[in-house]
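Here is the structure we will look at, set down as structure tokens.
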Amino acid sequence: MAECDALLAEYKRRDFLRVLGSGALLSLPVRGAERPVRVRAGEAGIYEAFTGKIEMGQGARTLLTQAVAEELGVGVERVRLIMADTDIVPDDGGTWASLTTPETVPAVRKETAAFAGHAITDPARWKVLGTSVAPLHGPEAVTGALQYCSDVRVEGMLHGRMVRPDAYRARLESVDDAAARALPGVQVVREGDLLGVVARDPQTAARAAGLVRAQWREEALPAADSLVERLRAGAVAPVEVKETRYPPLIRGGDVEAGLASAQRRLSASYWAPPIGHVPLEPRAAVAEWKDGALTVYCGKSAPFLVRVELARSLGIPESKVRVRIAMPGGAFGGKQRSECELEAAILARTAQAPVRLAWTREEEFWVAYARPAGVVDIESGADSAGRLVAWRFRNYNSGAPGLRPPYDFPHMSNEFWRSEAPYRQGSYRALAATLNNFARESHMDEWAHALRQDPVEFRLAHTGDARLKEAIERAAGRFGWGKRKPGRGVGYGMACTIEKGARLALFVETEGTGAQLKLRRMVAAGDFGAALNPDNLRNQMQGAMIQGIGGALWEQLRFDGRSQLTHRLSQYRVPRFGDVPEISVELIDRREVPAAGAGESPITLPAPAIANALFSATGERKRSLPLAV
Amino acid sequence: MAIELNINGRNRRLEIDPAATLLEALRDGAGLTGTKYGCGEGQCGACTVLVDGRAVKSCLVSAGSAAGKKIVTIEGLASRQGLHPVQQAFLDHAAFQCGFCTPGMILGTVALLGQDPNPSAARIREALQGHLCRCGAYPRIVDAVRAAAKTRESRRG
């Protein structure tokens, strides 16, 4: 994994530099000499447009089609968007970090306008952008015709199944595969620690996998209750890095001097456990070799990264790998790397036939990577006027996104300390911004109560951002903040953030505590600049907040000293119909402001808002997620 | 081994072990991939189909148990007149994001409206509690189900 992570870092660095305008391409065009086309006139009055971004339910297909249609001066029905086939589309970077809206849309508009021979259209004159075009994949979604990655079938395809150890980490020592090979058409594939079977149908593959007897040498995991201390102990202090999307160190003033001179100080630690993405569709891939070249169909959100990883792992040039994306049934940051794809490719190479490998829910739970666990330690100080003047914020292990506070602290140091985690960890919708906002917004609430100030007024007094203020005030007004007193088990709380360019505020009403905790109401406001597709923005914002309820209240992956213990949906609670409160979302549309993406930032709101509501009801401060245990 | 099943109004002979799940028979035997695998233990509802009009989680029952019964999958719901009112309502409300839960959700709704033509929001949430939408489109789905109920009522006249 270490080499792969170096690759990821390099890919992301190139991605960032490209956006800075350094001119470096993400990857060189590898097949054929021509630069990938962005848009061209097709047949029958249809235009064809090309993008490396993928659709995963967040609305990229619709939005990018709107962008192309806008600049061509046609309706969306005259644009056919070809997405994420590494042989024919430009590398637009991974579909991650809410970048499609702020980066790909402007790039596509510019290139399409150039193709059409005019300057990009002024937002005031938009006819297609800024309107609620319905999701273009809708008609196929409601009829079952939409092909997801687990639905891909190719001619002559066989079915794979992996044989895995029970332990989280183990090396393969020996295999007895006689019983499995006795089944008709079954091949057993062993390469290093990889062990799998290939059969003519999935049922036979599953049976054969169950018949393989393997000896594994297990590697112990650290005790789960030692994780917090391990993350702190193994951490490395950050240094200032300017050219990066997520700076690991953001400073202002002199935090040590600020803390020393503060009238009053607070310190607290906050915790988030590893959690799973739990996309409704587990990973699946089909790998097909022809003349030493590999084509992989899969549902990953970073097709060009998957291509690099596959080429390196298989020892073939990138020009011999083609990655074609079929829509994933949910990804949430969990489907960026090439695990399932590599396994399918190795099975197919040995079997000398195309192989489909679809992970089970159990594999999706424990073989896939998790959202990193993290600890945040905050040291802060206020002056005699009740203003926060010093803020030292340390995130261990979970990441740098969302480190920058939306508040004006004269002395601050916001730090991401990289650490060694014993579990497979990786990206997740909004990544560390959720823990960082949980810690920051909980801590702000602690201060407001300590200083006997209203939490809303306290925040407004500490931010100079007029758009954030408006979002807070609008949501507060609709919620009726301050009109009713918490108590008798009912709590009111709020949280806000500036994340990935968006200004957001959420107010919640809770009832009960512990396992009986219930959400009654969520009232939110979101300012994403120009609302490119208002209805989709509302859908994204509402959906992300609902998903965030799970991480706030119940979700955590469990481990012992040997294995991950969470393997099934029945062991892992995620939000269902009955968990969703009355919910209201208001969009603040600013046509003159460049648009921000909405896929991630709203998920950072529920955890702190709910924790703050719980405090108002009970006087007990919960600093560890999940809250309803 | 083979089994004969009545799927979407047609009798079909499928090359699959009758002990396989109905989900496997539909996806791998009949090639009807609109029915989805999500968990294999009846927790997510993505594999929901209609068997004699009732919502059944096809990952929990054997293909053999559905023999002689009328199976309806998402592919069999629309008619020559167009989309089923529940499909149309989901489309009109954009009651999905990734759409992976949508086939099961729609069939669960069709079964619900068969029993209770005019369910309250609370009844809808209760009836669909076994269906997961990881994208969190739940409020839109409730709105879509209520709209579909209204359409059906007005058509009945």
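Chain labels run A, B, ... following the order of the structure tokens; each chain numbers its residues from 1, and ligands are numbered from 1 in the order shown.
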
Distance filter 6 Å, only C-alpha atoms, chain A against chain B, as an MDAnalysis selection string: chainID A and resid 56:57 141:144 151 280:281 329:330 361 543 546:547 577

Just list the residues in chain B DSSP gives strand (DSSP E) on the backbone, as an NGL selection string. :B and (3-7 or 10-14 or 48-51 or 54-57 or 70-72)

Go ahead and write the residues just picked, C-alpha atoms, as a PDB file, in the first residue's frame.
ATOM      1  CA  ILE B   3     -35.952 -23.877 -13.152  1.00  0.00           C
ATOM      2  CA  GLU B   4     -39.024 -22.345 -14.740  1.00  0.00           C
ATOM      3  CA  LEU B   5     -40.232 -19.014 -13.396  1.00  0.00           C
ATOM      4  CA  ASN B   6     -42.953 -16.595 -14.445  1.00  0.00           C
ATOM      5  CA  ILE B   7     -41.225 -13.248 -14.680  1.00  0.00           C
ATOM      6  CA  ARG B  10     -43.525 -14.543 -19.297  1.00  0.00           C
ATOM      7  CA  ASN B  11     -42.610 -18.100 -18.413  1.00  0.00           C
ATOM      8  CA  ARG B  12     -38.853 -18.439 -18.537  1.00  0.00           C
ATOM      9  CA  ARG B  13     -36.593 -21.441 -18.204  1.00  0.00           C
ATOM     10  CA  LEU B  14     -33.429 -20.433 -16.347  1.00  0.00           C
ATOM     11  CA  THR B  48     -37.112  -6.188  -3.514  1.00  0.00           C
ATOM     12  CA  VAL B  49     -39.399  -7.673  -6.191  1.00  0.00           C
ATOM     13  CA  LEU B  50     -43.104  -8.475  -6.279  1.00  0.00           C
ATOM     14  CA  VAL B  51     -44.157 -12.095  -5.874  1.00  0.00           C
ATOM     15  CA  ARG B  54     -46.323  -8.885  -2.327  1.00  0.00           C
ATOM     16  CA  ALA B  55     -42.942  -7.232  -1.753  1.00  0.00           C
ATOM     17  CA  VAL B  56     -40.315  -9.924  -1.279  1.00  0.00           C
ATOM     18  CA  LYS B  57     -36.631  -9.493  -0.535  1.00  0.00           C
ATOM     19  CA  LYS B  70     -46.087 -14.239 -10.660  1.00  0.00           C
ATOM     20  CA  ILE B  71     -42.820 -12.342 -10.269  1.00  0.00           C
ATOM     21  CA  VAL B  72     -42.593  -8.668 -11.209  1.00  0.00           C
TER      22      VAL B  72
END

Could you pull out the alpha helix (DSSP H) residues of region 197-402 of chain A, going by DSSP on the backbone, and write them as a PyMOL selection string? chain A and resi 202-211+227-233+255-261+303-314+339-351+361-366

Find the residues near region 396-403 of chain A: any atom within 8 Å, counting only C-alpha atoms, skip ones fewer than 2 places away on the same chain, and give them as a PyMOL selection string. chain A and resi 231-232+235+246-248+250+371-376+394+405+414-421+430-437+499

Written selection (N, CA and C atoms) as a short mmCIF file (atom, residue, chain, number, x, y, z; two decimals), in the first residue's frame:
data_model
loop_
_atom_site.label_atom_id
_atom_site.label_comp_id
_atom_site.auth_asym_id
_atom_site.auth_seq_id
_atom_site.Cartn_x
_atom_site.Cartn_y
_atom_site.Cartn_z
N LEU A 231 -2.41 7.08 18.07
CA LEU A 231 -2.47 8.14 17.06
C LEU A 231 -1.69 9.37 17.52
N ARG A 232 -1.78 9.69 18.80
CA ARG A 232 -1.02 10.83 19.30
C ARG A 232 0.48 10.51 19.33
N ALA A 235 2.59 10.49 16.00
CA ALA A 235 2.31 11.59 15.07
C ALA A 235 3.54 12.44 14.77
N TYR A 246 -4.95 21.14 0.74
CA TYR A 246 -5.29 21.10 2.15
C TYR A 246 -4.04 21.38 2.99
N PRO A 247 -3.73 22.66 3.24
CA PRO A 247 -2.52 22.96 4.01
C PRO A 247 -2.60 22.30 5.39
N PRO A 248 -1.52 21.62 5.81
CA PRO A 248 -1.55 20.94 7.10
C PRO A 248 -1.24 21.86 8.28
N ILE A 250 -1.99 25.97 9.41
CA ILE A 250 -2.54 27.30 9.11
C ILE A 250 -2.38 28.14 10.36
N ARG A 371 -13.03 5.49 6.78
CA ARG A 371 -12.70 6.88 7.12
C ARG A 371 -11.77 6.84 8.32
N PRO A 372 -10.66 7.60 8.26
CA PRO A 372 -9.69 7.51 9.35
C PRO A 372 -10.28 7.93 10.69
N ALA A 373 -9.90 7.22 11.72
CA ALA A 373 -10.18 7.69 13.07
C ALA A 373 -9.34 8.93 13.31
N GLY A 374 -9.75 9.75 14.25
CA GLY A 374 -8.94 10.93 14.55
C GLY A 374 -9.21 11.48 15.93
N VAL A 375 -8.20 12.16 16.45
CA VAL A 375 -8.33 12.88 17.71
C VAL A 375 -8.03 14.34 17.43
N VAL A 376 -8.79 15.22 18.03
CA VAL A 376 -8.48 16.65 17.96
C VAL A 376 -8.30 17.18 19.37
N ARG A 394 -5.21 20.81 17.08
CA ARG A 394 -4.38 19.73 16.54
C ARG A 394 -5.23 18.53 16.17
N PRO A 405 -10.50 27.71 10.47
CA PRO A 405 -11.74 28.14 11.13
C PRO A 405 -12.39 29.28 10.36
N ASN A 414 -3.54 25.99 13.45
CA ASN A 414 -4.39 24.86 13.11
C ASN A 414 -3.51 23.82 12.44
N GLU A 415 -3.44 22.64 13.05
CA GLU A 415 -2.39 21.69 12.66
C GLU A 415 -2.96 20.31 12.37
N PHE A 416 -2.46 19.71 11.31
CA PHE A 416 -2.75 18.29 11.05
C PHE A 416 -1.48 17.49 11.29
N TRP A 417 -1.51 16.64 12.30
CA TRP A 417 -0.38 15.77 12.61
C TRP A 417 -0.62 14.40 12.00
N ARG A 418 0.23 14.07 11.01
CA ARG A 418 0.12 12.77 10.35
C ARG A 418 0.50 11.67 11.32
N SER A 419 -0.19 10.55 11.25
CA SER A 419 0.10 9.48 12.20
C SER A 419 0.01 8.11 11.53
N GLU A 420 0.38 7.10 12.26
CA GLU A 420 0.32 5.73 11.75
C GLU A 420 -0.93 5.07 12.30
N ALA A 421 -1.82 4.66 11.42
CA ALA A 421 -3.04 3.98 11.88
C ALA A 421 -2.92 2.50 11.57
N ALA A 430 -15.98 14.48 2.43
CA ALA A 430 -15.54 15.60 3.29
C ALA A 430 -14.35 15.26 4.17
N LEU A 431 -13.95 14.02 4.19
CA LEU A 431 -12.82 13.51 4.97
C LEU A 431 -12.77 14.10 6.38
N ALA A 432 -11.65 14.76 6.72
CA ALA A 432 -11.45 15.21 8.09
C ALA A 432 -12.31 16.41 8.45
N ALA A 433 -12.91 17.05 7.45
CA ALA A 433 -13.70 18.24 7.75
C ALA A 433 -14.83 17.92 8.73
N THR A 434 -15.29 16.68 8.74
CA THR A 434 -16.37 16.33 9.67
C THR A 434 -15.87 16.34 11.11
N LEU A 435 -14.75 15.66 11.37
CA LEU A 435 -14.20 15.69 12.74
C LEU A 435 -13.74 17.11 13.09
N ASN A 436 -13.09 17.78 12.15
CA ASN A 436 -12.60 19.12 12.46
C ASN A 436 -13.74 20.08 12.80
N ASN A 437 -14.83 19.95 12.06
CA ASN A 437 -15.96 20.84 12.37
C ASN A 437 -16.68 20.42 13.65
N GLU A 499 -16.85 25.73 4.23
CA GLU A 499 -16.13 24.53 3.80
C GLU A 499 -16.19 24.43 2.28
#

Could you name the residues that touch Leu195 (chain A) at 8 Å or less, counting only C-alpha atoms, but leaving out those on the same chain fewer than 6 positions away, as a list in words?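 Once the adjacent positions are removed, what remains is Met162, Val163, Arg164, Val188 and Val189 of chain A.
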
Using only C-alpha atoms: which of A:Arg322, A:Arg171, A:Lys469, A:Pro273 has the shortest distance to Glu555 (chain A):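 Of A:Arg322, A:Arg171, A:Lys469, A:Pro273, the one nearest Glu555 (chain A), counting only C-alpha atoms, is A:Pro273.
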
Work out how far apart CA of Met545 (chain A) and CA of Pro606 (chain A) are and give it in Å to one decimal. 6.3 Å

What gap, in Å, lies between CA of Leu136 (chain A) and CA of Ala49 (chain A)?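 Pair CA of Leu136 (chain A) / CA of Ala49 (chain A) returns 14.6 Å.
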
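Minimum atom-to-atom distance to Leu22 (chain B), evaluated using only C-alpha atoms, belongs to B:Ala66 out of B:Val145, B:Ala66, B:Leu112, B:Ala121.
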
Exercise: region 354-357 of chain A partners within 6 Å, only C-alpha atoms, chain neighbours under 4 positions left out, as a list in words: Met157, Leu158, His159, Gly160, Ala284, Ala285, Val286, Ala287, Glu288, Ala344 and Ala348 of chain A

What is the distance, in Å and to one decimal place, between CA of Leu614 (chain A) and CA of Ser442 (chain A)? 10.9 Å

Contacts of Gly386 (chain A) within 10 Å, only C-alpha atoms, excl. fewer than 2 positions in-chain, as a list in words: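 In the requested format, the answer is Gln263, Arg264, Gly381, Ala382, Asp383, Ser384, Leu388, Val389, Trp447, Ala448, Ala450, Leu451, Arg452, Gln453 and Phe458 of chain A.
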
Take the residues from that selection and put them in a file with N, CA and C atoms, as a JSON list (two decimals), in the first residue's frame.
[["chain", "number", "residue", "atom", "x", "y", "z"],
["A", 263, "GLN", "N", -7.11, 35.62, 29.45],
["A", 263, "GLN", "CA", -7.73, 35.73, 30.78],
["A", 263, "GLN", "C", -8.25, 34.40, 31.26],
["A", 264, "ARG", "N", -8.75, 33.63, 30.31],
["A", 264, "ARG", "CA", -9.42, 32.39, 30.65],
["A", 264, "ARG", "C", -9.09, 31.37, 29.57],
["A", 381, "GLY", "N", -8.05, 30.33, 24.36],
["A", 381, "GLY", "CA", -8.10, 31.33, 25.42],
["A", 381, "GLY", "C", -8.93, 32.53, 25.01],
["A", 382, "ALA", "N", -9.59, 33.14, 26.00],
["A", 382, "ALA", "CA", -10.41, 34.33, 25.75],
["A", 382, "ALA", "C", -9.87, 35.51, 26.54],
["A", 383, "ASP", "N", -10.16, 36.70, 26.03],
["A", 383, "ASP", "CA", -9.74, 37.90, 26.77],
["A", 383, "ASP", "C", -10.84, 38.33, 27.74],
["A", 384, "SER", "N", -10.61, 39.43, 28.42],
["A", 384, "SER", "CA", -11.55, 39.83, 29.46],
["A", 384, "SER", "C", -12.88, 40.29, 28.89],
["A", 388, "LEU", "N", -12.53, 35.23, 21.87],
["A", 388, "LEU", "CA", -11.46, 34.23, 21.76],
["A", 388, "LEU", "C", -10.26, 34.88, 21.08],
["A", 389, "VAL", "N", -9.11, 34.78, 21.75],
["A", 389, "VAL", "CA", -7.92, 35.42, 21.20],
["A", 389, "VAL", "C", -6.84, 34.41, 20.82],
["A", 447, "TRP", "N", -17.43, 27.36, 24.72],
["A", 447, "TRP", "CA", -17.04, 28.72, 25.10],
["A", 447, "TRP", "C", -18.27, 29.62, 25.31],
["A", 448, "ALA", "N", -19.22, 29.50, 24.38],
["A", 448, "ALA", "CA", -20.41, 30.35, 24.50],
["A", 448, "ALA", "C", -21.08, 30.11, 25.85],
["A", 450, "ALA", "N", -19.64, 28.78, 28.57],
["A", 450, "ALA", "CA", -18.75, 29.18, 29.65],
["A", 450, "ALA", "C", -18.81, 30.70, 29.87],
["A", 451, "LEU", "N", -18.99, 31.44, 28.76],
["A", 451, "LEU", "CA", -19.01, 32.90, 28.87],
["A", 451, "LEU", "C", -20.44, 33.45, 28.99],
["A", 452, "ARG", "N", -21.40, 32.54, 29.12],
["A", 452, "ARG", "CA", -22.83, 32.92, 29.22],
["A", 452, "ARG", "C", -23.26, 33.80, 28.05],
["A", 453, "GLN", "N", -22.84, 33.40, 26.87],
["A", 453, "GLN", "CA", -23.28, 34.11, 25.66],
["A", 453, "GLN", "C", -24.16, 33.19, 24.82],
["A", 458, "PHE", "N", -22.50, 34.51, 19.74],
["A", 458, "PHE", "CA", -21.07, 34.27, 19.94],
["A", 458, "PHE", "C", -20.37, 34.01, 18.61]]
